[in-house]
Amino acid sequence: MKNLIDILDLSTEEIEQLIDTANDIIENPENYREKCRYKKLATLFFEPSTRTRLSFEAAMMELGGNVLGFSEANSSSSAKGESVSDTIAVVGGYADIIAMRHPKEGAPLVASMKSDVPIINAGDGGHNHPTQTLTDLLTIKREMGRLDNLTVGLCGDLKFGRTVHSLIAALSRYSGIKFILISPKELELPSYVKDAHIKANGIPYEQTTSLDDAMSKLDILYMTRVQRERFFNEEDYLRLKDSYILTPEKLKNAKENMIVMHPLPRVNEISTAVDSDKRASYFRQAKYGKFIRMALILKLLEVE
Ligand code: NCD
């Protein structure tokens with residue numbers, strides 16, 4: 001495997017290996033400090049990011065490599081009208097591996113066809129976000145001890161939330177998974193995601209608008225931000241943005257060992273009063289993102 005464009009580019013065995021490597025990095029970071037010496041990672045971010053870009057950069061630094069790149073389209077030649085393909089062809093001459101985020105669905109796939117160096121999709125529009133999913137799977141494995149036999153509630157913007165699409169694709173390959181899809185009607189999971197993963201794998205699922213009704217059944221509650229930047233008009237966003245707000249009160253009905261996840265950034269959808277609950281996993285989740293990205297860089301660069 002040369003690129004990571006879609007989470008299904010990885011087999012479940014490869015995902016297990018990445019999780020094992022990430023866990024070993026967490027235990028023995030000193031063994032990895034020189035692994036990518038003299039290697040360079042380029043982060044090409046045509047869309048805003050905090051965690052994804054910085055965790056990629058920190059990952060490469062902790063492997064002993066270097067990083068270069070840009071964090072907004074306006075500061076790159078795309079502002080002059082350069083195509084993604086041309087940018088990639090050029091950056092491939094400077095870097096050994098490229099992580100790219102772009103507002104257009106499919107842009108990293110196009111880039112990978114042009115590139116001589118590995119391309120990692122760091123989020124493409126409302127489509128996919130495979131490295132967030134690797135982060136999520138590492139988190140689930142560490143917090144729950146397994147990736148199968150889980151009832152997973154996905155709540156919020158299931159229409160535009162790319163992290164949700166990739167996570168559903170990934171989890172649909174494990175046994176004993178059940179999804180509860182919790183969203184306003186307007187932000188339901190797109191049927192192409194439902195058909196390709198949930199239905200194709202015969203995964204049981206429920207669809208509801210009520211977080212309260214679902215709460216007591218869940219092993220994992222995956223909250224998401226309403227994706228303002230993908231809305232066609234501001235009124236719809238304002239009407240839907242506070243559809244779900246998780247509070248300590250609402251968590252009273254949840255299982256003792258449920259975990260609350262969120263890819264972050266959070267806006268209003270989880271009250272800060274929830275942060276001190278031991279079930280709140282989202283800041284640990286963000287931290288795990290660096291370790292799984294270290295594992296991914298090692299794999300794509302074929303470092304032993
Ligand atoms: C997510 C994204 O960019 O899709 N953030 C992230 O990478 N952790 C989620 C979001 O922006 O809401």
# chains A, B, ... in the order shown; residues from 1 in each chain; ligands from 1

call {"tool": "select_by_dssp", "arguments": {"residues": "stretch 59-270 of chain A", "states": "helix (DSSP H, G or I)", "output": "ChimeraX atom specification"}}
result
/A:59-62,73-75,77-80,84-91,107-114,130-144,162-171,185-187,191-199,211-215,228-230,234-240,248-251

call {"tool": "residues_near_ligand", "arguments": {"ligand": "ligand 1", "cutoff": "6 Å", "atoms": "only C-alpha atoms and all ligand atoms", "output": "ChimeraX atom specification"}}
result
/A:51-52,162-163,225,263-265

call {"tool": "select_by_dssp", "arguments": {"residues": "stretch 84-275 of chain A", "states": "strand (DSSP E or B)", "output": "PyMOL selection string"}}
result
chain A and resi 97-102+119-124+128+151-155+178-182+205-208+220-223+246+259-261+270

call {"tool": "write_last_selection", "arguments": {"atoms": "N, CA and C atoms", "output": "short mmCIF file (atom, residue, chain, number, x, y, z; two decimals), in the first residue's frame"}}
result
data_model
loop_
_atom_site.label_atom_id
_atom_site.label_comp_id
_atom_site.auth_asym_id
_atom_site.auth_seq_id
_atom_site.Cartn_x
_atom_site.Cartn_y
_atom_site.Cartn_z
N ILE A 97 6.93 12.29 1.86
CA ILE A 97 5.55 11.86 2.11
C ILE A 97 4.71 13.13 2.31
N ILE A 98 3.44 13.07 1.88
CA ILE A 98 2.59 14.27 1.91
C ILE A 98 1.27 13.96 2.61
N ALA A 99 0.91 14.78 3.59
CA ALA A 99 -0.43 14.73 4.19
C ALA A 99 -1.20 15.94 3.66
N MET A 100 -2.37 15.69 3.14
CA MET A 100 -3.10 16.75 2.44
C MET A 100 -4.56 16.83 2.88
N ARG A 101 -5.01 18.04 3.18
CA ARG A 101 -6.44 18.28 3.47
C ARG A 101 -6.97 19.26 2.44
N HIS A 102 -8.17 18.96 1.93
CA HIS A 102 -8.71 19.81 0.85
C HIS A 102 -10.24 19.87 0.96
N ILE A 119 0.76 9.68 -0.50
CA ILE A 119 -0.20 10.74 -0.15
C ILE A 119 -1.12 10.21 0.94
N ILE A 120 -1.31 11.02 1.96
CA ILE A 120 -2.26 10.68 3.03
C ILE A 120 -3.41 11.69 2.96
N ASN A 121 -4.63 11.18 2.90
CA ASN A 121 -5.81 12.04 2.94
C ASN A 121 -6.05 12.48 4.38
N ALA A 122 -5.88 13.77 4.61
CA ALA A 122 -6.08 14.31 5.97
C ALA A 122 -7.45 14.98 6.08
N GLY A 123 -8.38 14.54 5.23
CA GLY A 123 -9.74 15.08 5.22
C GLY A 123 -10.05 15.69 3.88
N ASP A 124 -11.07 15.15 3.17
CA ASP A 124 -11.47 15.75 1.89
C ASP A 124 -12.96 16.11 1.95
N ASN A 128 -14.33 11.88 3.47
CA ASN A 128 -13.61 10.91 4.29
C ASN A 128 -12.53 11.55 5.15
N THR A 151 -22.08 -1.38 20.59
CA THR A 151 -23.19 -0.55 20.09
C THR A 151 -22.70 0.89 20.08
N VAL A 152 -22.65 1.43 18.87
CA VAL A 152 -22.01 2.73 18.66
C VAL A 152 -23.06 3.76 18.25
N GLY A 153 -23.22 4.79 19.05
CA GLY A 153 -24.13 5.89 18.72
C GLY A 153 -23.34 7.01 18.07
N LEU A 154 -23.78 7.41 16.88
CA LEU A 154 -23.12 8.52 16.19
C LEU A 154 -24.11 9.67 16.19
N CYS A 155 -23.71 10.80 16.73
CA CYS A 155 -24.68 11.87 17.00
C CYS A 155 -24.25 13.21 16.44
N LYS A 178 -23.30 -2.68 16.20
CA LYS A 178 -24.62 -2.11 15.92
C LYS A 178 -24.48 -0.59 15.94
N PHE A 179 -25.11 0.07 14.99
CA PHE A 179 -25.05 1.54 14.94
C PHE A 179 -26.39 2.14 15.34
N ILE A 180 -26.35 3.19 16.13
CA ILE A 180 -27.54 4.01 16.34
C ILE A 180 -27.20 5.40 15.80
N LEU A 181 -27.92 5.78 14.75
CA LEU A 181 -27.64 7.02 14.03
C LEU A 181 -28.56 8.11 14.56
N ILE A 182 -27.99 9.09 15.23
CA ILE A 182 -28.78 10.09 15.94
C ILE A 182 -28.52 11.45 15.29
N TYR A 205 -28.92 -1.51 12.47
CA TYR A 205 -28.83 -0.08 12.83
C TYR A 205 -30.21 0.47 13.12
N GLU A 206 -30.22 1.53 13.91
CA GLU A 206 -31.45 2.29 14.16
C GLU A 206 -31.17 3.72 13.80
N GLN A 207 -32.24 4.42 13.43
CA GLN A 207 -32.11 5.83 13.14
C GLN A 207 -33.08 6.58 14.03
N THR A 208 -32.64 7.62 14.69
CA THR A 208 -33.51 8.35 15.60
C THR A 208 -33.10 9.82 15.65
N ILE A 220 -20.48 3.25 23.02
CA ILE A 220 -19.71 4.42 22.58
C ILE A 220 -20.70 5.48 22.11
N LEU A 221 -20.48 6.69 22.57
CA LEU A 221 -21.24 7.83 22.04
C LEU A 221 -20.24 8.73 21.31
N TYR A 222 -20.39 8.82 19.99
CA TYR A 222 -19.47 9.59 19.15
C TYR A 222 -20.19 10.89 18.76
N MET A 223 -19.84 11.98 19.43
CA MET A 223 -20.48 13.27 19.18
C MET A 223 -19.74 13.99 18.04
N LEU A 246 -24.65 17.62 24.88
CA LEU A 246 -24.44 16.59 25.90
C LEU A 246 -24.09 17.27 27.23
N ILE A 259 -18.03 5.14 26.62
CA ILE A 259 -17.09 6.25 26.43
C ILE A 259 -17.70 7.30 25.50
N VAL A 260 -17.38 8.56 25.78
CA VAL A 260 -17.80 9.66 24.92
C VAL A 260 -16.61 10.07 24.07
N MET A 261 -16.79 10.01 22.76
CA MET A 261 -15.73 10.42 21.84
C MET A 261 -16.18 11.65 21.05
N ILE A 270 -20.90 19.43 23.37
CA ILE A 270 -20.61 18.78 24.66
C ILE A 270 -20.34 19.90 25.67
#

call {"tool": "atom_distance", "arguments": {"atom1": "atom CA of A:Ala111", "atom2": "atom CA of A:Phe70"}}
result
16.2 Å

call {"tool": "closest_residue", "arguments": {"among": "A:Glu229, A:Asp136, A:Glu62, A:Asp116", "to": "A:Leu298", "atoms": "only C-alpha atoms"}}
result
A:Glu62

call {"tool": "atom_distance", "arguments": {"atom1": "atom CA of A:Val84", "atom2": "atom CA of A:Leu167"}}
result
26.4 Å

call {"tool": "residues_around", "arguments": {"residues": "A:Gln227", "least_positions_apart": "5", "cutoff": "9 Å", "atoms": "only C-alpha atoms", "output": "ChimeraX atom specification"}}
result
/A:126,157,159-161,237,241

call {"tool": "write_last_selection", "arguments": {"atoms": "N, CA and C atoms", "output": "PDB file, in the first residue's frame"}}
result
ATOM      1  N   GLY A 126     -16.681  16.867   2.682  1.00  0.00           N
ATOM      2  CA  GLY A 126     -17.596  16.138   3.560  1.00  0.00           C
ATOM      3  C   GLY A 126     -17.521  14.636   3.344  1.00  0.00           C
ATOM      4  N   ASP A 157     -23.985  15.815  13.148  1.00  0.00           N
ATOM      5  CA  ASP A 157     -24.009  16.060  11.710  1.00  0.00           C
ATOM      6  C   ASP A 157     -23.490  14.841  10.962  1.00  0.00           C
ATOM      7  N   LYS A 159     -24.477  13.947   8.069  1.00  0.00           N
ATOM      8  CA  LYS A 159     -24.480  14.205   6.630  1.00  0.00           C
ATOM      9  C   LYS A 159     -23.107  14.689   6.158  1.00  0.00           C
ATOM     10  N   PHE A 160     -22.630  15.746   6.777  1.00  0.00           N
ATOM     11  CA  PHE A 160     -21.372  16.342   6.321  1.00  0.00           C
ATOM     12  C   PHE A 160     -20.161  15.865   7.117  1.00  0.00           C
ATOM     13  N   GLY A 161     -20.396  15.150   8.210  1.00  0.00           N
ATOM     14  CA  GLY A 161     -19.278  14.760   9.090  1.00  0.00           C
ATOM     15  C   GLY A 161     -18.438  13.647   8.487  1.00  0.00           C
ATOM     16  N   TYR A 237     -27.887  26.501   9.259  1.00  0.00           N
ATOM     17  CA  TYR A 237     -26.870  26.203  10.270  1.00  0.00           C
ATOM     18  C   TYR A 237     -27.344  26.664  11.648  1.00  0.00           C
ATOM     19  N   LYS A 241     -27.639  24.049  14.677  1.00  0.00           N
ATOM     20  CA  LYS A 241     -26.336  23.919  15.336  1.00  0.00           C
ATOM     21  C   LYS A 241     -26.419  23.397  16.768  1.00  0.00           C
TER      22      LYS A 241
END
